[in-house]
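Next comes data.cif, a file with mmCIF, C-alpha atoms and all ligand atoms.
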data_target
loop_
_atom_site.label_atom_id
_atom_site.label_comp_id
_atom_site.auth_asym_id
_atom_site.auth_seq_id
_atom_site.Cartn_x
_atom_site.Cartn_y
_atom_site.Cartn_z
CA MET A 10 -5.86 91.57 75.36
CA HIS A 11 -3.58 90.54 72.51
CA GLU A 12 -3.40 86.99 73.91
CA LEU A 13 -6.72 86.38 72.17
CA SER A 14 -5.19 86.86 68.73
CA TYR A 15 -2.33 84.52 69.68
CA ALA A 16 -4.82 81.93 70.96
CA GLN A 17 -6.78 82.15 67.71
CA ALA A 18 -3.71 81.60 65.55
CA LEU A 19 -2.73 78.69 67.76
CA LEU A 20 -6.18 77.07 67.70
CA GLU A 21 -6.33 77.29 63.91
CA GLU A 22 -3.11 75.34 63.52
CA ILE A 23 -4.11 72.78 66.17
CA LEU A 24 -7.46 72.12 64.50
CA ARG A 25 -5.73 71.75 61.15
CA LEU A 26 -3.34 69.17 62.61
CA ALA A 27 -6.17 67.37 64.42
CA GLU A 28 -8.15 67.04 61.21
CA GLU A 29 -5.13 65.94 59.22
CA ASN A 30 -4.56 63.16 61.76
CA ASN A 31 -8.20 62.24 62.35
CA ALA A 32 -7.87 63.06 66.03
CA LYS A 33 -10.81 62.52 68.36
CA ARG A 34 -9.35 64.71 71.04
CA VAL A 35 -6.34 66.97 71.57
CA VAL A 36 -4.77 66.10 74.91
CA LYS A 37 -1.68 68.22 75.29
CA ILE A 38 -0.06 71.15 73.50
CA HIS A 39 3.64 71.92 73.85
CA LEU A 40 4.67 75.52 73.24
CA ARG A 41 8.03 77.27 73.15
CA ILE A 42 7.86 80.94 73.94
CA GLY A 43 10.69 83.48 74.02
CA GLU A 44 10.99 85.33 77.32
CA LEU A 45 10.94 88.73 75.60
CA LEU A 46 7.62 88.15 73.87
CA LEU A 47 5.07 90.23 75.73
CA ILE A 48 2.56 87.56 76.52
CA ASN A 49 0.79 86.60 79.70
CA PRO A 50 0.74 82.78 79.86
CA GLU A 51 -2.32 82.66 82.12
CA GLN A 52 -4.25 84.93 79.75
CA LEU A 53 -3.17 82.79 76.82
CA LYS A 54 -4.41 79.61 78.53
CA PHE A 55 -7.64 81.30 79.51
CA CYS A 56 -8.29 82.58 75.98
CA PHE A 57 -7.43 79.24 74.47
CA SER A 58 -9.77 77.32 76.75
CA ALA A 59 -12.57 79.78 75.98
CA ILE A 60 -12.30 79.68 72.19
CA SER A 61 -11.62 75.93 71.96
CA ARG A 62 -14.86 75.01 73.70
CA GLY A 63 -16.91 72.70 71.51
CA THR A 64 -13.90 71.71 69.37
CA VAL A 65 -11.65 68.62 69.60
CA ALA A 66 -9.16 70.83 71.46
CA GLU A 67 -11.53 71.52 74.34
CA GLY A 68 -9.84 70.84 77.67
CA ALA A 69 -6.37 70.33 76.16
CA GLU A 70 -3.49 70.95 78.52
CA ILE A 71 -0.96 73.62 77.51
CA GLU A 72 2.68 73.25 78.51
CA ILE A 73 5.02 76.17 77.93
CA GLU A 74 8.79 76.05 77.77
CA PHE A 75 10.32 79.52 78.01
CA ILE A 76 13.39 80.30 75.91
CA LYS A 77 15.96 82.81 77.12
CA PRO A 78 17.34 85.47 74.79
CA GLU A 79 21.07 85.84 74.36
CA ILE A 80 22.15 89.13 75.92
CA VAL A 81 25.87 89.75 75.44
CA CYS A 82 28.16 92.78 75.56
CA THR A 83 29.72 93.22 72.12
CA LYS A 84 32.90 94.63 73.68
CA CYS A 85 33.78 92.52 76.75
CA GLY A 86 31.53 89.49 76.22
CA ARG A 87 29.74 89.76 79.55
CA ARG A 88 26.37 88.01 79.62
CA PHE A 89 23.22 89.43 81.19
CA ASP A 90 19.94 87.95 82.40
CA GLU A 91 17.98 91.17 81.99
CA VAL A 92 17.46 93.49 79.05
CA ILE A 93 20.06 96.26 79.01
CA GLY A 94 21.50 98.37 76.21
CA ILE A 95 24.91 99.39 77.55
CA CYS A 96 27.41 97.39 79.57
CA ASP A 97 29.38 98.83 82.51
CA CYS A 98 32.44 98.73 80.22
CA GLY A 99 30.68 101.16 77.86
CA GLY A 100 30.11 98.53 75.17
CA ILE A 101 26.82 98.11 73.34
CA VAL A 102 24.89 95.03 74.42
CA SER A 103 23.41 92.87 71.69
CA ILE A 104 20.16 91.00 72.25
CA ASN A 105 19.25 88.02 70.15
CA GLY A 106 16.22 85.74 70.21
CA GLY A 107 13.64 85.58 72.96
CA LYS A 108 10.83 86.57 70.59
CA ASP A 109 9.67 83.21 69.26
CA PHE A 110 6.29 81.58 69.65
CA LEU A 111 6.46 78.00 68.42
CA LEU A 112 3.98 75.19 68.51
CA LYS A 113 6.42 72.34 69.14
CA LYS A 114 4.33 69.25 69.57
CA VAL A 115 0.71 68.16 69.89
CA GLU A 116 -0.49 65.03 71.66
CA MET A 117 -3.82 63.67 70.47
CA GLU A 118 -6.07 60.65 70.77
CA VAL A 119 -6.96 58.82 67.59
CA GLU A 120 -9.14 55.72 66.95
CA MET B 1 -8.22 54.68 71.10
CA HIS B 2 -4.53 55.48 71.32
CA ARG B 3 -2.39 58.53 71.73
CA ILE B 4 -0.10 59.99 69.07
CA GLU B 5 2.44 62.80 69.20
CA ILE B 6 2.79 65.14 66.27
CA GLU B 7 5.97 67.21 65.90
CA ALA B 8 4.48 70.45 64.65
CA GLU B 9 7.35 72.96 64.64
CA HIS B 10 4.88 75.63 63.61
CA ASP B 11 5.57 79.36 64.01
CA VAL B 12 2.39 80.76 65.59
CA LEU B 13 3.41 84.26 64.51
CA SER B 14 3.89 83.29 60.87
CA LEU B 15 0.75 84.96 59.51
CA ASN B 16 1.62 88.38 60.91
CA LYS B 17 5.22 87.96 59.76
CA ARG B 18 4.15 87.14 56.22
CA LEU B 19 1.73 90.08 55.94
CA ALA B 20 4.26 92.49 57.48
CA LYS B 21 6.77 91.36 54.87
CA GLU B 22 4.26 92.01 52.09
CA ASN B 23 3.51 95.47 53.49
CA ARG B 24 7.22 96.23 53.72
CA GLU B 25 7.81 95.09 50.14
CA PHE B 26 4.96 97.26 48.86
CA LEU B 27 6.25 100.30 50.74
CA SER B 28 9.83 99.90 49.66
CA LYS B 29 8.81 99.31 46.03
CA HIS B 30 7.00 102.66 46.08
CA GLY B 31 9.67 104.49 48.05
CA VAL B 32 7.37 105.11 51.01
CA ILE B 33 8.84 105.51 54.48
CA ALA B 34 6.38 104.06 56.97
CA ILE B 35 6.62 105.09 60.60
CA ASN B 36 4.84 103.15 63.33
CA VAL B 37 3.93 105.82 65.89
CA MET B 38 3.53 104.05 69.19
CA GLY B 39 3.25 105.22 72.75
CA ALA B 40 1.18 105.88 75.79
CA ILE B 41 -2.44 106.92 75.54
CA GLY B 42 -2.77 110.69 75.26
CA SER B 43 0.98 111.26 74.97
CA GLY B 44 0.64 113.45 71.84
CA LYS B 45 0.91 111.02 68.90
CA THR B 46 -1.86 112.58 66.81
CA LEU B 47 -0.69 116.12 67.53
CA LEU B 48 2.82 115.17 66.42
CA ILE B 49 1.41 113.93 63.10
CA GLU B 50 -0.76 117.06 62.67
CA LYS B 51 2.11 119.45 63.36
CA THR B 52 4.47 117.52 61.10
CA VAL B 53 1.95 117.67 58.23
CA GLU B 54 1.62 121.45 58.68
CA ALA B 55 5.37 122.02 58.93
CA LEU B 56 6.17 120.05 55.77
CA LYS B 57 3.24 121.13 53.61
CA GLY B 58 4.20 121.49 49.96
CA GLU B 59 7.54 119.83 50.66
CA VAL B 60 6.80 116.26 51.71
CA LYS B 61 3.73 114.21 50.77
CA ILE B 62 2.36 112.60 53.92
CA GLY B 63 -0.30 109.94 54.47
CA ALA B 64 -1.66 108.57 57.74
CA ILE B 65 -3.33 105.46 59.06
CA LEU B 66 -4.99 106.03 62.42
CA GLY B 67 -5.56 103.03 64.63
CA ASP B 68 -8.09 103.24 67.38
CA VAL B 69 -10.16 100.79 69.37
CA ILE B 70 -13.54 102.18 68.32
CA ALA B 71 -13.55 105.93 67.69
CA LYS B 72 -12.60 107.87 64.54
CA GLU B 73 -11.58 111.13 66.22
CA ASP B 74 -7.90 110.95 65.37
CA TYR B 75 -8.77 110.29 61.73
CA GLU B 76 -11.08 113.32 61.67
CA ARG B 77 -8.39 115.53 63.20
CA VAL B 78 -5.79 114.48 60.67
CA VAL B 79 -7.88 114.70 57.45
CA LYS B 80 -8.65 118.34 58.28
CA HIS B 81 -5.05 119.04 57.29
CA GLY B 82 -5.80 117.94 53.76
CA ILE B 83 -3.84 114.69 53.62
CA LYS B 84 -4.86 111.20 52.61
CA ALA B 85 -5.78 109.19 55.70
CA GLU B 86 -7.55 105.99 56.73
CA PRO B 87 -9.05 105.08 60.09
CA LEU B 88 -8.52 101.52 61.32
CA ASN B 89 -10.68 100.19 64.09
CA THR B 90 -9.16 97.33 66.00
CA GLY B 91 -12.43 96.30 67.65
CA LYS B 92 -11.59 94.35 70.77
CA GLU B 93 -7.88 94.26 70.01
CA CYS B 94 -5.41 96.50 71.78
CA HIS B 95 -2.97 96.88 68.88
CA LEU B 96 -2.74 97.18 65.12
CA ASP B 97 -1.48 94.17 63.23
CA ALA B 98 -0.05 93.64 59.77
CA HIS B 99 -3.35 92.25 58.49
CA LEU B 100 -5.34 95.39 59.35
CA VAL B 101 -2.69 97.59 57.74
CA HIS B 102 -2.58 95.26 54.71
CA HIS B 103 -6.23 96.11 53.95
CA VAL B 104 -5.51 99.80 53.36
CA ILE B 105 -1.85 99.98 52.42
CA GLU B 106 -2.35 100.09 48.66
CA LYS B 107 -3.94 103.52 48.93
CA PHE B 108 -0.62 104.96 50.08
CA GLY B 109 1.70 104.03 47.22
CA ASP B 110 2.12 107.69 46.21
CA VAL B 111 3.18 109.29 49.53
CA ASP B 112 6.70 109.98 50.82
CA VAL B 113 5.96 109.33 54.47
CA LEU B 114 3.21 107.16 55.91
CA PHE B 115 2.49 107.62 59.60
CA ILE B 116 0.73 104.69 61.21
CA GLU B 117 -0.60 105.74 64.60
CA ASN B 118 -0.92 102.65 66.75
CA VAL B 119 -3.34 102.18 69.64
CA GLY B 120 -2.17 104.08 72.73
CA ASN B 121 -0.61 101.28 74.75
CA LEU B 122 2.99 100.51 75.75
CA ILE B 123 2.69 96.73 75.75
CA CYS B 124 0.26 95.18 73.29
CA PRO B 125 1.53 96.68 69.98
CA VAL B 126 5.19 95.81 70.61
CA ASP B 127 5.30 92.34 69.05
CA PHE B 128 3.20 93.10 65.99
CA ASP B 129 5.39 94.18 63.11
CA LEU B 130 3.31 96.20 60.64
CA GLY B 131 5.94 96.38 57.91
CA GLU B 132 7.18 99.81 59.01
CA LYS B 133 10.69 101.10 58.47
CA TYR B 134 10.92 103.02 61.75
CA ARG B 135 9.33 102.92 65.16
CA VAL B 136 8.70 106.12 67.06
CA VAL B 137 7.75 105.71 70.70
CA MET B 138 6.18 108.70 72.44
CA VAL B 139 5.53 109.10 76.13
CA SER B 140 4.90 112.24 78.12
CA VAL B 141 6.10 113.38 81.51
CA THR B 142 2.55 113.17 82.85
CA GLU B 143 2.73 109.38 82.78
CA GLY B 144 5.33 109.57 85.54
CA ASP B 145 9.11 109.52 85.19
CA ASP B 146 9.30 105.75 85.71
CA VAL B 147 7.25 105.04 82.58
CA VAL B 148 10.39 104.25 80.53
CA SER B 149 11.99 101.84 82.98
CA LYS B 150 8.67 100.06 83.49
CA HIS B 151 8.29 99.23 79.77
CA PRO B 152 11.75 98.19 78.57
CA GLU B 153 10.69 96.20 75.53
CA ILE B 154 8.95 98.97 73.59
CA PHE B 155 11.88 101.36 74.16
CA ARG B 156 14.48 98.74 73.30
CA LEU B 157 12.95 98.30 69.85
CA ALA B 158 12.40 102.00 69.07
CA ASP B 159 14.29 104.07 66.51
CA VAL B 160 13.14 107.38 67.97
CA ILE B 161 12.07 107.94 71.59
CA ILE B 162 10.16 111.13 72.32
CA ILE B 163 9.60 112.40 75.84
CA ASN B 164 6.74 114.88 75.30
CA LYS B 165 5.12 117.62 77.39
CA VAL B 166 8.44 118.47 79.08
CA ALA B 167 7.16 121.98 79.91
CA LEU B 168 4.81 120.28 82.38
CA ALA B 169 7.59 118.31 84.08
CA GLU B 170 7.96 120.58 87.06
CA ALA B 171 4.22 120.71 87.74
CA VAL B 172 3.97 116.91 87.80
CA GLU B 173 7.35 116.49 89.54
CA ALA B 174 8.83 114.37 86.79
CA ASP B 175 12.58 114.13 86.26
CA VAL B 176 13.05 114.40 82.48
CA ASP B 177 16.77 113.65 82.61
CA LYS B 178 16.05 110.39 84.41
CA MET B 179 13.62 109.43 81.63
CA VAL B 180 16.23 110.23 78.98
CA GLU B 181 18.89 108.28 80.85
CA ASP B 182 16.59 105.26 81.28
CA ALA B 183 15.88 105.35 77.55
CA ARG B 184 19.55 105.68 76.64
CA LYS B 185 20.54 102.74 78.87
CA LEU B 186 17.92 100.53 77.24
CA ASN B 187 18.59 101.70 73.72
CA PRO B 188 21.84 103.58 73.11
CA LYS B 189 21.27 103.63 69.33
CA ALA B 190 17.90 105.39 69.40
CA LYS B 191 17.43 109.09 68.74
CA ILE B 192 16.03 110.53 71.98
CA ILE B 193 14.14 113.83 71.83
CA LYS B 194 12.87 115.97 74.70
CA MET B 195 9.76 117.64 73.31
CA ASP B 196 6.87 119.90 74.07
CA LEU B 197 4.45 120.27 71.19
CA LYS B 198 2.65 123.21 72.76
CA LYS B 199 5.85 125.14 73.44
CA GLU B 200 7.63 124.08 70.22
CA ILE B 201 10.44 122.41 72.13
CA GLY B 202 12.30 119.64 70.30
CA PHE B 203 10.07 119.84 67.25
CA GLU B 204 12.84 121.09 64.93
CA GLU B 205 15.02 118.22 66.09
CA TRP B 206 12.24 115.81 65.12
CA LEU B 207 11.85 117.40 61.67
CA GLU B 208 15.61 117.13 61.21
CA TRP B 209 15.49 113.42 61.98
CA LEU B 210 12.59 112.92 59.58
CA LYS B 211 14.29 114.80 56.75
CA CYS B 212 17.42 112.80 57.32
CA ALA B 213 15.37 109.58 57.11
CA LEU B 214 13.90 110.84 53.83
CA ARG B 215 17.33 111.60 52.42
CA SER B 216 18.57 108.11 53.23
CA ARG B 217 15.57 106.55 51.50
CA GLY B 218 16.45 103.63 49.30
CA GLU B 219 19.92 103.25 50.74
N1 LIG C 301 0.64 120.63 77.50
C1 LIG C 301 0.82 119.85 76.46
N2 LIG C 301 -0.22 119.18 75.96
C2 LIG C 301 0.00 118.38 74.88
C3 LIG C 301 1.28 118.24 74.30
N3 LIG C 301 1.18 117.36 73.29
C4 LIG C 301 -0.10 116.98 73.22
N4 LIG C 301 -0.82 117.59 74.17
C5 LIG C 301 -2.26 117.44 74.46
O1 LIG C 301 -2.47 116.15 74.97
C6 LIG C 301 -3.75 115.65 74.56
C7 LIG C 301 -3.57 114.33 73.83
O2 LIG C 301 -2.89 114.56 72.60
P1 LIG C 301 -3.10 113.60 71.36
O3 LIG C 301 -2.30 114.13 70.24
O4 LIG C 301 -4.55 113.35 71.14
O5 LIG C 301 -2.45 112.30 71.98
P2 LIG C 301 -2.48 110.78 71.41
O6 LIG C 301 -1.22 110.15 71.87
O7 LIG C 301 -2.76 110.80 69.96
O8 LIG C 301 -3.72 110.19 72.21
P3 LIG C 301 -4.50 108.79 71.94
O9 LIG C 301 -4.59 108.61 70.45
O10 LIG C 301 -5.82 108.98 72.58
O11 LIG C 301 -3.68 107.73 72.61
C8 LIG C 301 -4.36 116.72 73.67
O12 LIG C 301 -5.21 117.49 74.45
C9 LIG C 301 -3.14 117.52 73.23
O13 LIG C 301 -3.46 118.84 72.90
C10 LIG C 301 2.36 118.97 74.87
O14 LIG C 301 3.51 118.90 74.45
N5 LIG C 301 2.08 119.75 75.95
MG MG C 302 -4.20 109.80 68.88
ZN ZN C 303 -3.07 93.31 74.84
ZN ZN C 304 31.07 95.02 78.36
ZN ZN C 305 -8.27 90.46 55.43
#
Rewrite the coordinates I just gave you, this time as structure tokens.
Amino acid sequence: MHELSYAQALLEEILRLAEENNAKRVVKIHLRIGELLLINPEQLKFCFSAISRGTVAEGAEIEIEFIKPEIVCTKCGRRFDEVIGICDCGGIVSINGGKDFLLKKVEMEVE
Amino acid sequence: MHRIEIEAEHDVLSLNKRLAKENREFLSKHGVIAINVMGAIGSGKTLLIEKTVEALKGEVKIGAILGDVIAKEDYERVVKHGIKAEPLNTGKECHLDAHLVHHVIEKFGDVDVLFIENVGNLICPVDFDLGEKYRVVMVSVTEGDDVVSKHPEIFRLADVIIINKVALAEAVEADVDKMVEDARKLNPKAKIIKMDLKKEIGFEEWLEWLKCALRSRGE
């Protein structure tokens, strides 16, 4: 379950930000995840809630915005929603983006 | 008590990216071609490495890093061929990452080719760059002839796609040409090889590709 290593990297950064801002509690976490990243959002949430127990991030809500990759035929310019390597016109399809995992914003409670 | 919002803009994957970059810099400085050997469990990854070592003995200096969840069997198989190798246990993780590879990479500064056998899995290792130059993805016909179309992402990012155990295709009713066509549609730039390591099918084609990669080193 590689979601655990993602959750760990995420928690580390959240705890660093919480400490830097003297937060009492982390309320909400906003993520941006590329649609081509092989990650199961439910597993990620589950792992995060398990490893954040006992920290200021315990019980924080996770909101995920999914980002679409750009899939375009390099010959005719046709756009696709799904991963494909060759267009019907015979052109090679280029795929850009869709692989990011960004921590966008953190909402926390401070004194 | 009040609520604040912090704009973080933090790349959660940054640690792996940084370590992969360091691995890549080390390898390229020493002229080592690293190959991330990925693929389904039991598809023939270790046997491919063993046979390649034997075929190129005295010609190409090969090293190997063998990733496995707990066991060391692949490592033991490979060192018998007299090459430098390191086992890497991933513990509870289902993939190698750049950090694990980073721990052992410095031992391989003097080889020409470094094979890094990943954990047998078609999903988990995909998004973890190790610092390799090439990705080889190996599946076999016994996984079913829909195994390629079911795992587009790993095939899309491969440099070489190997369909192994083709001599067993008839027995398991797998359509090899469908597998090749699925792979080509996902990744028209990849080298696709139909192989059978027991019957020596496609192995020469693989060695050709590898020698060509060696010749273009440093370009
Ligand atoms: N019939 C046949 N058997 C093969 C072929 N290639 C590999 N095998 C056998 O398949 C089994 C698995 O091969 P390995 O080389 O251990 O495969 P692997 O991908 O390294 O396996 P894991 O590391 O466990 O994921 C062994 O018994 C091999 O001898 C082939 O082309 N044909
Ligand atoms: Mg193996
Ligand atoms: Zn996993
Ligand atoms: Zn087109
Ligand atoms: Zn370390």
Sorted per-residue table, chain B near chain A, closest atoms and distance, 7 Å, only C-alpha atoms, as CSV:
residue,atom,partner,partner_atom,distance
B:Met1,CA,A:Glu120,CA,4.4
B:His2,CA,A:Glu118,CA,5.4
B:Arg3,CA,A:Glu118,CA,4.4
B:Ile4,CA,A:Met117,CA,5.4
B:Glu5,CA,A:Glu116,CA,4.4
B:Ile6,CA,A:Val115,CA,5.2
B:Glu7,CA,A:Lys114,CA,4.5
B:Ala8,CA,A:Lys114,CA,5.1
B:Glu9,CA,A:Lys113,CA,4.6
B:His10,CA,A:Leu112,CA,5.0
B:Asp11,CA,A:Leu111,CA,4.7
B:Val12,CA,A:Leu111,CA,5.7
B:Leu13,CA,A:Phe110,CA,6.5
B:Glu93,CA,A:His11,CA,6.2
B:Cys94,CA,A:Met10,CA,6.1
B:Ile123,CA,A:Leu47,CA,6.9
B:Cys124,CA,A:His11,CA,6.1
B:Asp127,CA,A:Leu46,CA,6.8
B:Lys185,CA,A:Gly94,CA,5.2
B:Leu186,CA,A:Gly94,CA,4.3
B:Asn187,CA,A:Gly94,CA,5.1
B:Pro188,CA,A:Gly94,CA,6.1
- request: Name the residues in contact with B:Ser43 at a cut-off of 10 Å, using all atoms listed in the file, excluding same-chain residues fewer than 6 positions from it; report them as a list of chain:residue names.
  value: B:Gly120, B:Val137, B:Met138, B:Val139, B:Ser140, B:Val141, B:Thr142, B:Glu143, B:Ile162, B:Ile163, B:Asn164, B:Lys165
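Based on all atoms listed in the file, the protein and nucleic acid residues found within 7 Å of ligand LIG 301 (chain C) are, by chain and then by number, Gly39, Ala40, Ile41, Gly42, Ser43, Gly44, Lys45, Thr46, Leu47, Leu48, Asp74, Val119, Gly120, Asn164, Lys165, Val166, Ala167, Leu168, Met195, Asp196, Leu197, Lys198 and Lys199 of chain B.
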- prompt: Closest to ligand ZN 303 (chain C) among B:Gly202, B:Gly82, B:Gly63, B:Pro125, using all atoms listed in the file?
  reply: B:Pro125
- prompt: How would you write, as a PyMOL selection string, the set of residues no farther than 7 Å from ligand ZN 304 (chain C) when counting all atoms listed in the file?
  reply: chain A and resi 82-87+96-100
Let me see the file: selected residues, C-alpha atoms, as a PDB file, in the coordinates of the input.
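Just written: again26.pdb:
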ATOM      1  CA  CYS A  82      28.160  92.780  75.560  1.00  0.00           C
ATOM      2  CA  THR A  83      29.720  93.220  72.120  1.00  0.00           C
ATOM      3  CA  LYS A  84      32.900  94.630  73.680  1.00  0.00           C
ATOM      4  CA  CYS A  85      33.780  92.520  76.750  1.00  0.00           C
ATOM      5  CA  GLY A  86      31.530  89.490  76.220  1.00  0.00           C
ATOM      6  CA  ARG A  87      29.740  89.760  79.550  1.00  0.00           C
ATOM      7  CA  CYS A  96      27.410  97.390  79.570  1.00  0.00           C
ATOM      8  CA  ASP A  97      29.380  98.830  82.510  1.00  0.00           C
ATOM      9  CA  CYS A  98      32.440  98.730  80.220  1.00  0.00           C
ATOM     10  CA  GLY A  99      30.680 101.160  77.860  1.00  0.00           C
ATOM     11  CA  GLY A 100      30.110  98.530  75.170  1.00  0.00           C
TER      12      GLY A 100
END
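Listed by chain and then residue number, the contacts of ligand ZN 305 (chain C) are Ala98, His99, Leu100, Val101, His102, His103 and Val104 of chain B (distance at most 10 Å, using only C-alpha atoms and all ligand atoms).
For the atom pair formed by atom CA of B:Phe155 and atom CA of B:Ala183, the distance is 6.6 Å, given to one decimal.
Taking atom CA of B:Leu66 and atom MG of ligand MG 302 (chain C) as the two end points, the separation is 7.5 Å.
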- request: Could you please give me, as a VMD selection string, the residues of protein, DNA or RNA lying at most 12 Å from (3.3, 120.2, 53.8) in the coordinate frame of the file, considering all atoms listed in the file?
  value: chain B and resid 49 to 63 81 to 83 111 to 113 207
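Counting only C-alpha atoms and all ligand atoms, the residue from B:Ser149, B:Ser216, B:Ser14, B:Asn121 that sits nearest to ligand ZN 303 (chain C) is B:Asn121.
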